[in-house]
>>> print(open('query09.cif').read())   # mmCIF, C-alpha atoms
data_data
#
loop_
_atom_site.label_atom_id
_atom_site.label_comp_id
_atom_site.auth_asym_id
_atom_site.auth_seq_id
_atom_site.Cartn_x
_atom_site.Cartn_y
_atom_site.Cartn_z
CA MET A 158 8.23 -16.47 -6.11
CA VAL A 159 5.43 -13.93 -6.47
CA ALA A 160 6.10 -10.87 -4.30
CA VAL A 161 2.91 -8.92 -4.94
CA GLY A 162 -0.57 -10.22 -5.62
CA ILE A 163 -2.81 -7.70 -7.39
CA VAL A 164 -6.60 -7.88 -7.20
CA ILE A 165 -8.76 -5.76 -9.51
CA VAL A 166 -12.56 -5.85 -9.35
CA SER A 167 -14.12 -4.74 -12.63
CA PHE A 168 -17.61 -3.81 -13.76
CA ASN A 169 -18.23 -2.46 -17.26
CA THR A 170 -14.95 -0.54 -17.48
CA SER A 171 -13.27 -2.35 -20.37
CA GLU A 172 -11.06 0.44 -21.75
CA LEU A 173 -10.05 1.77 -18.34
CA LEU A 174 -9.32 -1.74 -17.10
CA CYS A 175 -7.00 -2.43 -20.02
CA ALA A 176 -5.18 0.87 -19.42
CA CYS A 177 -4.75 -0.10 -15.77
CA LEU A 178 -3.36 -3.52 -16.65
CA GLN A 179 -1.00 -1.95 -19.18
CA SER A 180 0.42 0.32 -16.47
CA LEU A 181 1.15 -2.68 -14.25
CA ARG A 182 3.62 -4.02 -16.79
CA ALA A 183 6.11 -1.42 -15.54
CA CYS A 184 6.24 -3.08 -12.12
CA THR A 185 9.68 -4.62 -11.59
CA LEU A 186 8.58 -6.87 -8.72
CA ALA A 187 7.39 -10.40 -9.43
CA HIS A 188 3.63 -10.11 -9.38
CA ARG A 189 0.46 -11.99 -10.16
CA THR A 190 -2.69 -10.17 -11.23
CA VAL A 191 -6.23 -11.42 -10.72
CA VAL A 192 -9.23 -9.66 -12.26
CA VAL A 193 -12.59 -10.51 -10.71
CA ASP A 194 -15.35 -9.32 -13.02
CA ASN A 195 -18.70 -8.53 -11.41
CA ALA A 196 -20.91 -9.75 -14.28
CA SER A 197 -20.01 -6.98 -16.72
CA THR A 198 -22.18 -6.64 -19.82
CA ASP A 199 -19.42 -5.05 -21.91
CA ASP A 200 -16.38 -6.82 -23.39
CA SER A 201 -14.17 -6.48 -20.29
CA VAL A 202 -13.56 -10.21 -19.85
CA ALA A 203 -12.91 -10.87 -23.54
CA GLN A 204 -10.54 -7.92 -23.87
CA VAL A 205 -8.44 -8.89 -20.86
CA ARG A 206 -8.19 -12.51 -21.95
CA ARG A 207 -7.15 -11.46 -25.44
CA ARG A 208 -4.72 -8.66 -24.58
CA PHE A 209 -3.36 -9.84 -21.23
CA PRO A 210 -3.06 -13.64 -21.31
CA ASP A 211 -0.86 -13.60 -18.20
CA VAL A 212 -3.69 -12.09 -16.12
CA GLN A 213 -6.08 -14.48 -14.39
CA VAL A 214 -9.70 -13.51 -15.05
CA HIS A 215 -12.54 -14.78 -12.90
CA ALA A 216 -15.93 -13.89 -14.36
CA LEU A 217 -18.77 -13.97 -11.84
CA PRO A 218 -22.30 -14.87 -13.02
CA GLN A 219 -23.80 -12.07 -10.93
CA ASN A 220 -22.67 -8.80 -9.38
CA ARG A 221 -21.72 -9.69 -5.83
CA GLY A 222 -20.48 -6.27 -4.84
CA PHE A 223 -17.04 -4.80 -4.32
CA ALA A 224 -16.26 -6.42 -0.96
CA ALA A 225 -17.26 -9.95 -1.95
CA ALA A 226 -15.46 -9.76 -5.29
CA ASN A 227 -12.26 -8.59 -3.62
CA ASN A 228 -12.50 -11.47 -1.17
CA ILE A 229 -12.80 -13.88 -4.08
CA GLY A 230 -9.64 -12.37 -5.52
CA LEU A 231 -7.85 -12.86 -2.21
CA ARG A 232 -8.89 -16.51 -2.12
CA LEU A 233 -7.65 -17.00 -5.66
CA LEU A 234 -4.29 -15.66 -4.48
CA GLY A 235 -4.22 -18.42 -1.89
CA TYR A 236 -5.59 -16.71 1.21
CA THR A 237 -8.16 -18.56 3.29
CA GLN A 238 -10.60 -16.44 5.23
CA PRO A 239 -13.00 -16.95 8.12
CA GLY A 240 -16.46 -17.85 6.90
CA ALA A 241 -15.35 -18.86 3.42
CA ALA A 242 -16.84 -22.31 3.83
CA ASP A 243 -20.25 -20.79 4.55
CA ASP A 244 -20.30 -18.82 1.31
CA PRO A 245 -23.26 -20.08 -0.81
CA LEU A 246 -21.18 -19.47 -3.92
CA ALA A 247 -17.95 -20.89 -2.51
CA GLU A 248 -18.10 -23.74 -5.01
CA LEU A 249 -17.66 -21.16 -7.75
CA LEU A 250 -14.11 -20.63 -6.57
CA LEU A 251 -13.30 -24.27 -7.20
CA CYS A 252 -14.13 -23.96 -10.88
CA ASP A 253 -12.23 -22.55 -13.81
CA SER A 254 -14.03 -19.32 -14.74
CA ALA A 255 -13.51 -20.08 -18.43
CA ASP A 256 -15.20 -23.48 -18.00
CA PRO A 257 -17.35 -23.80 -14.83
CA ARG A 258 -17.51 -27.56 -15.32
CA ARG A 259 -13.76 -27.96 -14.88
CA PRO A 260 -12.18 -27.72 -11.40
CA ALA A 261 -9.50 -25.05 -11.18
CA ASP A 262 -5.99 -26.10 -10.30
CA ARG A 263 -5.17 -24.27 -7.07
CA SER A 264 -2.55 -26.71 -5.84
CA GLY A 265 0.72 -25.24 -4.73
CA ILE A 266 -0.56 -21.66 -4.46
CA VAL A 267 1.52 -19.72 -1.94
CA PRO A 268 -0.10 -16.45 -0.81
CA PRO A 269 2.10 -13.47 -1.71
CA PRO A 270 3.50 -11.40 1.19
CA TRP A 271 1.97 -8.20 -0.22
CA VAL A 272 -1.42 -7.62 -1.86
CA LEU A 273 -2.37 -4.59 -3.92
CA LEU A 274 -6.10 -3.90 -4.13
CA LEU A 275 -6.68 -1.74 -7.15
CA ASN A 276 -9.62 -0.14 -8.92
CA PRO A 277 -9.88 -0.64 -12.69
CA ASP A 278 -10.05 3.12 -13.33
CA THR A 279 -6.48 3.69 -12.18
CA VAL A 280 -3.11 4.02 -13.89
CA VAL A 281 -0.16 3.13 -11.68
CA ALA A 282 2.94 5.28 -12.16
CA PRO A 283 6.26 3.44 -12.62
CA GLY A 284 7.87 2.75 -9.26
CA ALA A 285 4.69 3.30 -7.24
CA ILE A 286 4.20 -0.32 -6.23
CA GLU A 287 7.89 -0.68 -5.43
CA ALA A 288 7.72 2.41 -3.17
CA LEU A 289 4.71 1.07 -1.27
CA VAL A 290 6.30 -2.35 -0.77
CA ALA A 291 9.61 -0.81 0.36
CA PHE A 292 7.80 1.32 2.93
CA LEU A 293 6.01 -1.68 4.42
CA GLN A 294 9.27 -3.62 4.50
CA GLU A 295 10.90 -0.82 6.48
CA HIS A 296 8.02 -0.49 8.96
CA PRO A 297 6.88 -3.89 10.29
CA ARG A 298 4.05 -2.45 12.44
CA ILE A 299 2.35 -0.77 9.51
CA GLY A 300 -0.25 -3.08 8.01
CA LEU A 301 -1.62 -1.08 5.10
CA VAL A 302 -0.54 1.89 2.97
CA GLY A 303 -2.07 4.01 0.26
CA PRO A 304 -0.48 6.18 -2.45
CA SER A 305 -1.14 9.72 -3.56
CA LEU A 306 -4.01 9.83 -6.03
CA LEU A 307 -4.02 12.20 -8.99
CA ASN A 308 -6.90 13.34 -11.16
CA PRO A 309 -6.56 12.80 -14.92
CA ASP A 310 -5.48 16.45 -15.28
CA GLY A 311 -2.61 15.89 -12.83
CA SER A 312 -4.15 17.74 -9.90
CA MET A 313 -4.10 16.21 -6.43
CA GLN A 314 -7.06 14.06 -5.38
CA THR A 315 -7.99 13.53 -1.75
CA ALA A 316 -6.73 10.04 -0.92
CA ALA A 317 -6.46 9.94 2.89
CA PHE A 318 -9.31 10.24 5.36
CA ARG A 319 -10.25 10.09 9.01
CA PHE A 320 -12.86 7.66 10.24
CA PRO A 321 -16.48 8.91 9.96
CA THR A 322 -17.82 11.28 12.58
CA LEU A 323 -21.17 12.95 13.14
CA THR A 324 -19.63 16.24 12.03
CA MET A 325 -18.70 14.61 8.74
CA SER A 326 -22.25 13.27 8.44
CA LEU A 327 -23.59 16.79 8.87
CA LEU A 328 -21.22 18.31 6.32
CA GLU A 329 -22.00 15.60 3.76
CA VAL A 330 -25.75 16.23 3.67
CA PHE A 331 -25.46 19.98 4.25
CA PRO A 332 -22.52 20.77 1.92
CA PRO A 333 -20.11 23.26 3.50
CA GLY A 334 -19.42 24.94 0.18
CA GLU A 335 -22.86 26.51 0.32
CA VAL A 336 -22.04 28.14 3.66
CA LEU A 337 -18.28 28.65 3.78
CA PRO A 338 -16.91 27.96 0.29
CA GLY A 339 -13.75 25.87 0.39
CA ARG A 340 -12.99 26.44 4.06
CA LEU A 341 -14.54 23.31 5.50
CA TYR A 342 -14.47 20.83 2.63
CA ASN A 343 -10.74 20.09 2.90
CA SER A 344 -10.57 20.56 6.66
CA TRP A 345 -10.04 18.19 9.57
CA TRP A 346 -13.75 18.56 10.34
CA HIS A 347 -14.58 16.96 7.00
CA GLY A 348 -12.20 14.06 7.56
CA ARG A 349 -9.26 15.39 5.53
CA TYR A 350 -5.57 15.90 6.32
CA PRO A 351 -5.01 19.47 5.05
CA GLN A 352 -1.53 20.06 6.44
CA GLU A 353 0.03 16.64 6.01
CA ARG A 354 -0.91 16.26 2.35
CA GLN A 355 0.97 19.44 1.43
CA GLY A 356 4.33 17.71 1.81
CA ASP A 357 6.09 14.65 0.42
CA ALA A 358 6.72 12.87 3.72
CA PRO A 359 4.66 9.76 4.58
CA PHE A 360 2.14 10.29 7.38
CA PRO A 361 -0.27 8.18 9.47
CA ILE A 362 -3.94 8.16 8.49
CA ASP A 363 -7.15 6.43 9.50
CA HIS A 364 -7.82 4.98 6.06
CA PRO A 365 -6.99 5.59 2.40
CA LEU A 366 -9.44 5.77 -0.46
CA GLY A 367 -10.15 2.22 -1.57
CA ALA A 368 -9.01 2.88 -5.14
CA CYS A 369 -5.50 1.67 -4.30
CA MET A 370 -4.26 0.00 -1.13
CA LEU A 371 -1.25 -2.21 -0.45
CA VAL A 372 -1.81 -4.54 2.50
CA ARG A 373 0.55 -6.83 4.32
CA GLY A 374 -0.26 -10.51 3.86
CA ALA A 375 -0.08 -11.10 7.62
CA VAL A 376 -3.01 -8.71 8.06
CA ILE A 377 -5.19 -10.75 5.72
CA GLU A 378 -4.15 -14.01 7.39
CA THR A 379 -5.05 -12.59 10.80
CA LEU A 380 -8.19 -10.55 10.11
CA GLY A 381 -9.51 -11.96 6.86
CA GLY A 382 -10.81 -9.75 4.09
CA PHE A 383 -13.70 -7.35 3.65
CA ASP A 384 -17.07 -7.55 5.39
CA GLU A 385 -19.31 -8.74 2.54
CA ARG A 386 -22.39 -7.10 4.03
CA TYR A 387 -21.05 -3.91 2.45
CA PHE A 388 -22.10 -4.18 -1.18
CA LEU A 389 -20.40 -0.96 -2.20
CA TYR A 390 -18.80 1.97 -0.34
CA SER A 391 -17.30 2.07 3.17
CA GLU A 392 -15.99 -1.49 2.90
CA GLU A 393 -12.41 -0.19 3.03
CA ILE A 394 -13.31 2.04 5.99
CA GLU A 395 -14.70 -0.92 7.93
CA TRP A 396 -11.68 -3.07 7.04
CA CYS A 397 -9.23 -0.35 8.08
CA TRP A 398 -11.13 0.11 11.34
CA ARG A 399 -10.54 -3.56 12.18
CA ILE A 400 -6.92 -3.31 11.08
CA ARG A 401 -6.35 -0.33 13.38
CA GLN A 402 -8.19 -2.03 16.25
CA ALA A 403 -5.87 -5.03 15.85
CA GLY A 404 -2.86 -2.80 16.49
CA TRP A 405 -1.62 -2.16 12.96
CA ALA A 406 -0.87 1.35 11.71
CA ILE A 407 -2.04 2.75 8.37
CA TRP A 408 -0.06 5.34 6.43
CA GLN A 409 -0.10 7.27 3.18
CA VAL A 410 3.07 7.28 1.06
CA PRO A 411 2.96 10.39 -1.18
CA GLN A 412 6.01 9.32 -3.22
CA ALA A 413 3.90 6.55 -4.76
CA GLN A 414 1.49 8.07 -7.27
CA VAL A 415 -1.55 6.59 -8.99
CA MET A 416 -3.89 8.33 -11.41
CA HIS A 417 -7.54 7.72 -10.52
CA VAL A 418 -10.47 8.59 -12.78
CA GLY A 419 -13.07 8.00 -10.07
CA GLY A 420 -16.70 6.89 -10.38
CA ALA A 421 -16.22 5.12 -13.71
CA ALA A 422 -18.42 2.20 -12.72
CA THR A 423 -20.71 3.82 -10.15
CA GLN A 424 -21.79 6.70 -12.41
CA GLN A 425 -23.58 4.15 -14.57
CA PHE A 426 -26.14 3.70 -11.78
CA ARG A 427 -25.59 6.86 -9.78
CA HIS A 428 -28.98 7.05 -8.05
CA ARG A 429 -28.76 3.44 -6.86
CA MET A 430 -25.18 4.05 -5.80
CA PHE A 431 -26.29 7.10 -3.81
CA VAL A 432 -28.54 4.81 -1.80
CA GLU A 433 -25.76 2.24 -1.35
CA LEU A 434 -23.40 4.98 -0.13
CA HIS A 435 -25.75 5.95 2.67
CA ARG A 436 -26.69 2.35 3.44
CA SER A 437 -23.03 1.43 3.95
CA ARG A 438 -22.27 4.53 6.00
CA TYR A 439 -25.22 3.86 8.30
CA ARG A 440 -24.12 0.23 8.67
CA PHE A 441 -20.66 1.38 9.75
CA PHE A 442 -22.04 3.69 12.45
CA VAL A 443 -24.31 0.96 13.82
CA GLN A 444 -21.60 -1.71 13.65
CA HIS A 445 -18.70 0.12 15.27
CA TYR A 446 -20.05 3.10 17.24
CA ALA A 447 -22.33 3.51 20.24
CA PRO A 448 -26.08 3.14 19.50
CA SER A 449 -26.65 6.85 20.11
CA PHE A 450 -24.18 7.71 17.34
CA GLY A 451 -26.07 5.54 14.88
CA GLN A 452 -29.34 7.22 15.85
CA MET A 453 -27.86 10.69 15.48
CA HIS A 454 -26.35 9.79 12.11
CA ARG A 455 -29.75 8.57 10.92
CA PHE A 456 -31.46 11.77 12.13
CA ILE A 457 -28.88 14.00 10.40
CA THR A 458 -29.18 12.00 7.18
CA ARG A 459 -32.98 12.15 7.17
CA MET A 460 -32.92 15.91 7.65
CA GLY A 461 -30.46 16.16 4.80
CA MET A 462 -32.73 14.11 2.54
CA LEU A 463 -35.69 16.35 3.39
CA ARG A 464 -33.61 19.33 2.31
CA ALA A 465 -32.59 17.48 -0.87
CA VAL A 466 -36.25 16.75 -1.70
CA LEU A 467 -37.13 20.44 -1.43
CA GLN A 468 -34.17 21.37 -3.63
CA THR A 469 -35.19 18.79 -6.22
CA TRP A 470 -38.74 20.11 -6.39
CA TRP A 471 -37.36 23.65 -6.82
CA ALA A 472 -35.08 22.51 -9.63
CA PHE A 473 -37.89 20.64 -11.39
CA LEU A 474 -40.43 23.47 -11.11
CA ASN A 475 -37.83 25.88 -12.49
CA ARG A 476 -37.03 23.48 -15.35
CA LYS A 477 -33.48 22.87 -14.21
CA ILE A 478 -33.88 19.07 -14.35
CA SER A 479 -36.01 16.66 -16.40
CA LEU A 480 -39.02 14.74 -15.12
CA GLN A 481 -37.00 11.52 -15.31
CA GLU A 482 -34.18 12.98 -13.21
CA HIS A 483 -36.71 14.46 -10.79
CA ARG A 484 -38.34 11.07 -10.21
CA ALA A 485 -34.99 9.29 -9.88
CA ARG A 486 -33.77 11.74 -7.25
CA LEU A 487 -36.99 11.55 -5.24
CA TRP A 488 -36.77 7.75 -5.31
CA ALA A 489 -33.18 7.81 -4.06
CA TYR A 490 -33.87 10.33 -1.28
CA GLY A 491 -36.93 8.34 -0.21
CA MET A 492 -34.92 5.12 -0.03
CA VAL A 493 -32.24 6.77 2.10
CA ARG A 494 -34.84 8.17 4.50
CA GLN A 495 -36.12 4.62 5.06
CA LEU A 496 -32.73 3.24 6.12
#
>>> encode(input="query09.cif", output="structure tokens")
Amino acid sequence: MVAVGIVIVSFNTSELLCACLQSLRACTLAHRTVVVDNASTDDSVAQVRRRFPDVQVHALPQNRGFAAANNIGLRLLGYTQPGAADDPLAELLLCDSADPRRPADRSGIVPPPWVLLLNPDTVVAPGAIEALVAFLQEHPRIGLVGPSLLNPDGSMQTAAFRFPTLTMSLLEVFPPGEVLPGRLYNSWWHGRYPQERQGDAPFPIDHPLGACMLVRGAVIETLGGFDERYFLYSEEIEWCWRIRQAGWAIWQVPQAQVMHVGGAATQQFRHRMFVELHRSRYRFFVQHYAPSFGQMHRFITRMGMLRAVLQTWWAFLNRKISLQEHRARLWAYGMVRQL
């Protein structure tokens, strides 16, 4: 019986994806891995099928976003979710991704009790998955856990966060490093856990970074998966908000370690992703906070974009950036101001 289902959403990260899949071979628990490819234009799908024949690959004909692709992976693991029948592309799930004309055999699929949602630009250390599963087994009221994340150079990466606040909105568009270098960036005010992350003991958090999360199957069965209105960014924040509201706790388990490159896919379209980041954050404020909070968040963001426009003009006039970069930044800031 499969103990852990692993879902990886990929987009043009062939080499990193293969390194991630290679690291999963060290997992001693019975597991099943599903890769949902968001219409990559590189050789991601071909490489995985050639080098990892035991991994199920589902190639989408178009990029449906991180949330929707993860939900497809959950369905392929056997989970049924509210609203799945209304999905205009739901019939895609009933086909073999290698041959869309042939129905896929999904009979007898039993959803695994644990699901690991993993980014393709990660390398999982031996024993990390086992540590996360063991922690959830020992704590039945905890619904989701995240590991410690490391940068490629071995330094610690911020992996645990508090839910968004207006103070965080302010510090994001008016970077604290320009006012008080280093003092606010890793502080509680910026949504971090400065004291807790200094030790090795597990601690409760609002949400982990979405690069690696282990969730209890009962959570998925009760709440469903991600909100697919979030194309990219904040989808894990919104999901964790619903998980917490349903009475489950969320913790970080520092003993489990995962290396995370970060931004491997999003840097390919960084100006568009900048817009998506702010679109998703604004959606979260409007969806889960009082209307006045959404209005204040929008005002803060617009003021931040005005400041960014002035900085971009200064950089261009002083030949710090190219005309192409100048235009791309102005487009992105303008789009965010219109949200």
>>> residues_near_point(input="query09.cif", point="(3.3, -1.2, 9.7)", cutoff="12 Å", atoms="only C-alpha atoms", output="tab-separated table (two decimals) with C-alpha atoms, in the frame of the given file")
chain	number	residue	atom	x	y	z
A	289	LEU	CA	4.71	1.07	-1.27
A	290	VAL	CA	6.30	-2.35	-0.77
A	291	ALA	CA	9.61	-0.81	0.36
A	292	PHE	CA	7.80	1.32	2.93
A	293	LEU	CA	6.01	-1.68	4.42
A	294	GLN	CA	9.27	-3.62	4.50
A	295	GLU	CA	10.90	-0.82	6.48
A	296	HIS	CA	8.02	-0.49	8.96
A	297	PRO	CA	6.88	-3.89	10.29
A	298	ARG	CA	4.05	-2.45	12.44
A	299	ILE	CA	2.35	-0.77	9.51
A	300	GLY	CA	-0.25	-3.08	8.01
A	301	LEU	CA	-1.62	-1.08	5.10
A	302	VAL	CA	-0.54	1.89	2.97
A	360	PHE	CA	2.14	10.29	7.38
A	361	PRO	CA	-0.27	8.18	9.47
A	362	ILE	CA	-3.94	8.16	8.49
A	371	LEU	CA	-1.25	-2.21	-0.45
A	372	VAL	CA	-1.81	-4.54	2.50
A	373	ARG	CA	0.55	-6.83	4.32
A	374	GLY	CA	-0.26	-10.51	3.86
A	375	ALA	CA	-0.08	-11.10	7.62
A	376	VAL	CA	-3.01	-8.71	8.06
A	400	ILE	CA	-6.92	-3.31	11.08
A	401	ARG	CA	-6.35	-0.33	13.38
A	403	ALA	CA	-5.87	-5.03	15.85
A	404	GLY	CA	-2.86	-2.80	16.49
A	405	TRP	CA	-1.62	-2.16	12.96
A	406	ALA	CA	-0.87	1.35	11.71
A	407	ILE	CA	-2.04	2.75	8.37
A	408	TRP	CA	-0.06	5.34	6.43
A	409	GLN	CA	-0.10	7.27	3.18
>>> atom_distance(input="query09.cif", atom1="CA of Met460 (chain A)", atom2="CA of Leu474 (chain A)")
21.6 Å
>>> closest_residue(input="query09.cif", among="A:Glu172, A:Glu329, A:Glu287, A:Asp211", to="Leu186 (chain A)", atoms="all atoms listed in the file")
A:Glu287
>>> atom_distance(input="query09.cif", atom1="CA of Arg486 (chain A)", atom2="CA of Ile457 (chain A)")
18.5 Å
>>> resolve_selection(input="query09.cif", expression="the PyMOL selection byres ((chain A and resi 212) around 10)", output="PDB file with C-alpha atoms, in the frame of the given file")
ATOM      1  CA  ILE A 163      -2.810  -7.700  -7.390  1.00  0.00           C
ATOM      2  CA  LEU A 178      -3.360  -3.520 -16.650  1.00  0.00           C
ATOM      3  CA  ARG A 189       0.460 -11.990 -10.160  1.00  0.00           C
ATOM      4  CA  THR A 190      -2.690 -10.170 -11.230  1.00  0.00           C
ATOM      5  CA  VAL A 191      -6.230 -11.420 -10.720  1.00  0.00           C
ATOM      6  CA  VAL A 192      -9.230  -9.660 -12.260  1.00  0.00           C
ATOM      7  CA  VAL A 205      -8.440  -8.890 -20.860  1.00  0.00           C
ATOM      8  CA  ARG A 206      -8.190 -12.510 -21.950  1.00  0.00           C
ATOM      9  CA  ARG A 207      -7.150 -11.460 -25.440  1.00  0.00           C
ATOM     10  CA  ARG A 208      -4.720  -8.660 -24.580  1.00  0.00           C
ATOM     11  CA  PHE A 209      -3.360  -9.840 -21.230  1.00  0.00           C
ATOM     12  CA  PRO A 210      -3.060 -13.640 -21.310  1.00  0.00           C
ATOM     13  CA  ASP A 211      -0.860 -13.600 -18.200  1.00  0.00           C
ATOM     14  CA  GLN A 213      -6.080 -14.480 -14.390  1.00  0.00           C
ATOM     15  CA  VAL A 214      -9.700 -13.510 -15.050  1.00  0.00           C
ATOM     16  CA  HIS A 215     -12.540 -14.780 -12.900  1.00  0.00           C
TER      17      HIS A 215
END
>>> resolve_selection(input="query09.cif", expression="the PyMOL selection byres ((chain A and resi 344-353) around 12)", output="PDB file with C-alpha atoms, keeping the file's coordinate frame")
ATOM      1  CA  SER A 305      -1.140   9.720  -3.560  1.00  0.00           C
ATOM      2  CA  MET A 313      -4.100  16.210  -6.430  1.00  0.00           C
ATOM      3  CA  GLN A 314      -7.060  14.060  -5.380  1.00  0.00           C
ATOM      4  CA  THR A 315      -7.990  13.530  -1.750  1.00  0.00           C
ATOM      5  CA  ALA A 316      -6.730  10.040  -0.920  1.00  0.00           C
ATOM      6  CA  ALA A 317      -6.460   9.940   2.890  1.00  0.00           C
ATOM      7  CA  PHE A 318      -9.310  10.240   5.360  1.00  0.00           C
ATOM      8  CA  ARG A 319     -10.250  10.090   9.010  1.00  0.00           C
ATOM      9  CA  PHE A 320     -12.860   7.660  10.240  1.00  0.00           C
ATOM     10  CA  PRO A 321     -16.480   8.910   9.960  1.00  0.00           C
ATOM     11  CA  THR A 322     -17.820  11.280  12.580  1.00  0.00           C
ATOM     12  CA  LEU A 323     -21.170  12.950  13.140  1.00  0.00           C
ATOM     13  CA  THR A 324     -19.630  16.240  12.030  1.00  0.00           C
ATOM     14  CA  MET A 325     -18.700  14.610   8.740  1.00  0.00           C
ATOM     15  CA  SER A 326     -22.250  13.270   8.440  1.00  0.00           C
ATOM     16  CA  LEU A 327     -23.590  16.790   8.870  1.00  0.00           C
ATOM     17  CA  LEU A 328     -21.220  18.310   6.320  1.00  0.00           C
ATOM     18  CA  GLU A 329     -22.000  15.600   3.760  1.00  0.00           C
ATOM     19  CA  VAL A 330     -25.750  16.230   3.670  1.00  0.00           C
ATOM     20  CA  PHE A 331     -25.460  19.980   4.250  1.00  0.00           C
ATOM     21  CA  PRO A 332     -22.520  20.770   1.920  1.00  0.00           C
ATOM     22  CA  PRO A 333     -20.110  23.260   3.500  1.00  0.00           C
ATOM     23  CA  GLY A 334     -19.420  24.940   0.180  1.00  0.00           C
ATOM     24  CA  LEU A 337     -18.280  28.650   3.780  1.00  0.00           C
ATOM     25  CA  PRO A 338     -16.910  27.960   0.290  1.00  0.00           C
ATOM     26  CA  GLY A 339     -13.750  25.870   0.390  1.00  0.00           C
ATOM     27  CA  ARG A 340     -12.990  26.440   4.060  1.00  0.00           C
ATOM     28  CA  LEU A 341     -14.540  23.310   5.500  1.00  0.00           C
ATOM     29  CA  TYR A 342     -14.470  20.830   2.630  1.00  0.00           C
ATOM     30  CA  ASN A 343     -10.740  20.090   2.900  1.00  0.00           C
ATOM     31  CA  ARG A 354      -0.910  16.260   2.350  1.00  0.00           C
ATOM     32  CA  GLN A 355       0.970  19.440   1.430  1.00  0.00           C
ATOM     33  CA  GLY A 356       4.330  17.710   1.810  1.00  0.00           C
ATOM     34  CA  ASP A 357       6.090  14.650   0.420  1.00  0.00           C
ATOM     35  CA  ALA A 358       6.720  12.870   3.720  1.00  0.00           C
ATOM     36  CA  PRO A 359       4.660   9.760   4.580  1.00  0.00           C
ATOM     37  CA  PHE A 360       2.140  10.290   7.380  1.00  0.00           C
ATOM     38  CA  PRO A 361      -0.270   8.180   9.470  1.00  0.00           C
ATOM     39  CA  ILE A 362      -3.940   8.160   8.490  1.00  0.00           C
ATOM     40  CA  ASP A 363      -7.150   6.430   9.500  1.00  0.00           C
ATOM     41  CA  HIS A 364      -7.820   4.980   6.060  1.00  0.00           C
ATOM     42  CA  PRO A 365      -6.990   5.590   2.400  1.00  0.00           C
ATOM     43  CA  LEU A 366      -9.440   5.770  -0.460  1.00  0.00           C
ATOM     44  CA  TRP A 408      -0.060   5.340   6.430  1.00  0.00           C
ATOM     45  CA  GLN A 409      -0.100   7.270   3.180  1.00  0.00           C
ATOM     46  CA  VAL A 410       3.070   7.280   1.060  1.00  0.00           C
ATOM     47  CA  PRO A 411       2.960  10.390  -1.180  1.00  0.00           C
TER      48      PRO A 411
END
>>> atom_distance(input="query09.cif", atom1="CA of Leu275 (chain A)", atom2="CA of Ala187 (chain A)")
16.7 Å
>>> closest_residue(input="query09.cif", among="A:Ala216, A:Val418, A:Val193, A:Leu380", to="Thr279 (chain A)", atoms="only C-alpha atoms")
A:Val418
>>> resolve_selection(input="query09.cif", expression="the PyMOL selection byres ((chain A and resi 223) around 10)", output="PyMOL selection string")
chain A and resi 165-168+193-195+220-222+224-228+276+383+385+387-390+392-393
>>> write_last_selection(input="query09.cif", atoms="C-alpha atoms", output="compact mmCIF listing (two decimals), in the frame of the given file")
# COMPACT_ATOMS: atom_id res chain seq x y z
CA ILE A 165 -8.76 -5.76 -9.51
CA VAL A 166 -12.56 -5.85 -9.35
CA SER A 167 -14.12 -4.74 -12.63
CA PHE A 168 -17.61 -3.81 -13.76
CA VAL A 193 -12.59 -10.51 -10.71
CA ASP A 194 -15.35 -9.32 -13.02
CA ASN A 195 -18.70 -8.53 -11.41
CA ASN A 220 -22.67 -8.80 -9.38
CA ARG A 221 -21.72 -9.69 -5.83
CA GLY A 222 -20.48 -6.27 -4.84
CA ALA A 224 -16.26 -6.42 -0.96
CA ALA A 225 -17.26 -9.95 -1.95
CA ALA A 226 -15.46 -9.76 -5.29
CA ASN A 227 -12.26 -8.59 -3.62
CA ASN A 228 -12.50 -11.47 -1.17
CA ASN A 276 -9.62 -0.14 -8.92
CA PHE A 383 -13.70 -7.35 3.65
CA GLU A 385 -19.31 -8.74 2.54
CA TYR A 387 -21.05 -3.91 2.45
CA PHE A 388 -22.10 -4.18 -1.18
CA LEU A 389 -20.40 -0.96 -2.20
CA TYR A 390 -18.80 1.97 -0.34
CA GLU A 392 -15.99 -1.49 2.90
CA GLU A 393 -12.41 -0.19 3.03
>>> closest_residue(input="query09.cif", among="A:Leu307, A:Ile478, A:Leu496, A:Cys397", to="Val415 (chain A)", atoms="only C-alpha atoms")
A:Leu307
>>> closest_residue(input="query09.cif", among="A:Arg232, A:Arg494, A:His188, A:His445", to="Val432 (chain A)", atoms="all atoms listed in the file")
A:Arg494
>>> residues_near_point(input="query09.cif", point="(6.3, 7.3, -6.5)", cutoff="6 Å", atoms="all atoms listed in the file", output="VMD selection string")
chain A and resid 284 to 285 412 to 414
>>> axis_aligned_box(input="query09.cif", around="region 176-195 of chain A", padding_each_side="3 Å", output="lines of an AutoDock Vina configuration file")
center_x = -4.5
center_y = -5.6
center_z = -14.1
size_x = 34.4
size_y = 18.9
size_z = 16.7
>>> closest_residue(input="query09.cif", among="A:Asp199, A:Thr458, A:Met430, A:Ala447", to="Ala485 (chain A)", atoms="all atoms listed in the file")
A:Met430
>>> closest_residue(input="query09.cif", among="A:Thr198, A:Ser312, A:Gln204, A:Ser180", to="Val281 (chain A)", atoms="only C-alpha atoms")
A:Ser180
>>> decode(input="query09.cif", residues="region 307-315 of chain A", atoms="C-alpha atoms", output="tab-separated table (two decimals), in the first residue's frame")
chain	number	residue	atom	x	y	z
A	307	LEU	CA	18.17	25.36	2.69
A	308	ASN	CA	19.73	27.46	-0.05
A	309	PRO	CA	22.06	25.69	-2.49
A	310	ASP	CA	25.04	27.00	-0.46
A	311	GLY	CA	23.68	25.34	2.69
A	312	SER	CA	22.49	28.51	4.39
A	313	MET	CA	19.07	28.65	6.00
A	314	GLN	CA	16.14	29.85	3.88
A	315	THR	CA	13.02	31.36	5.40
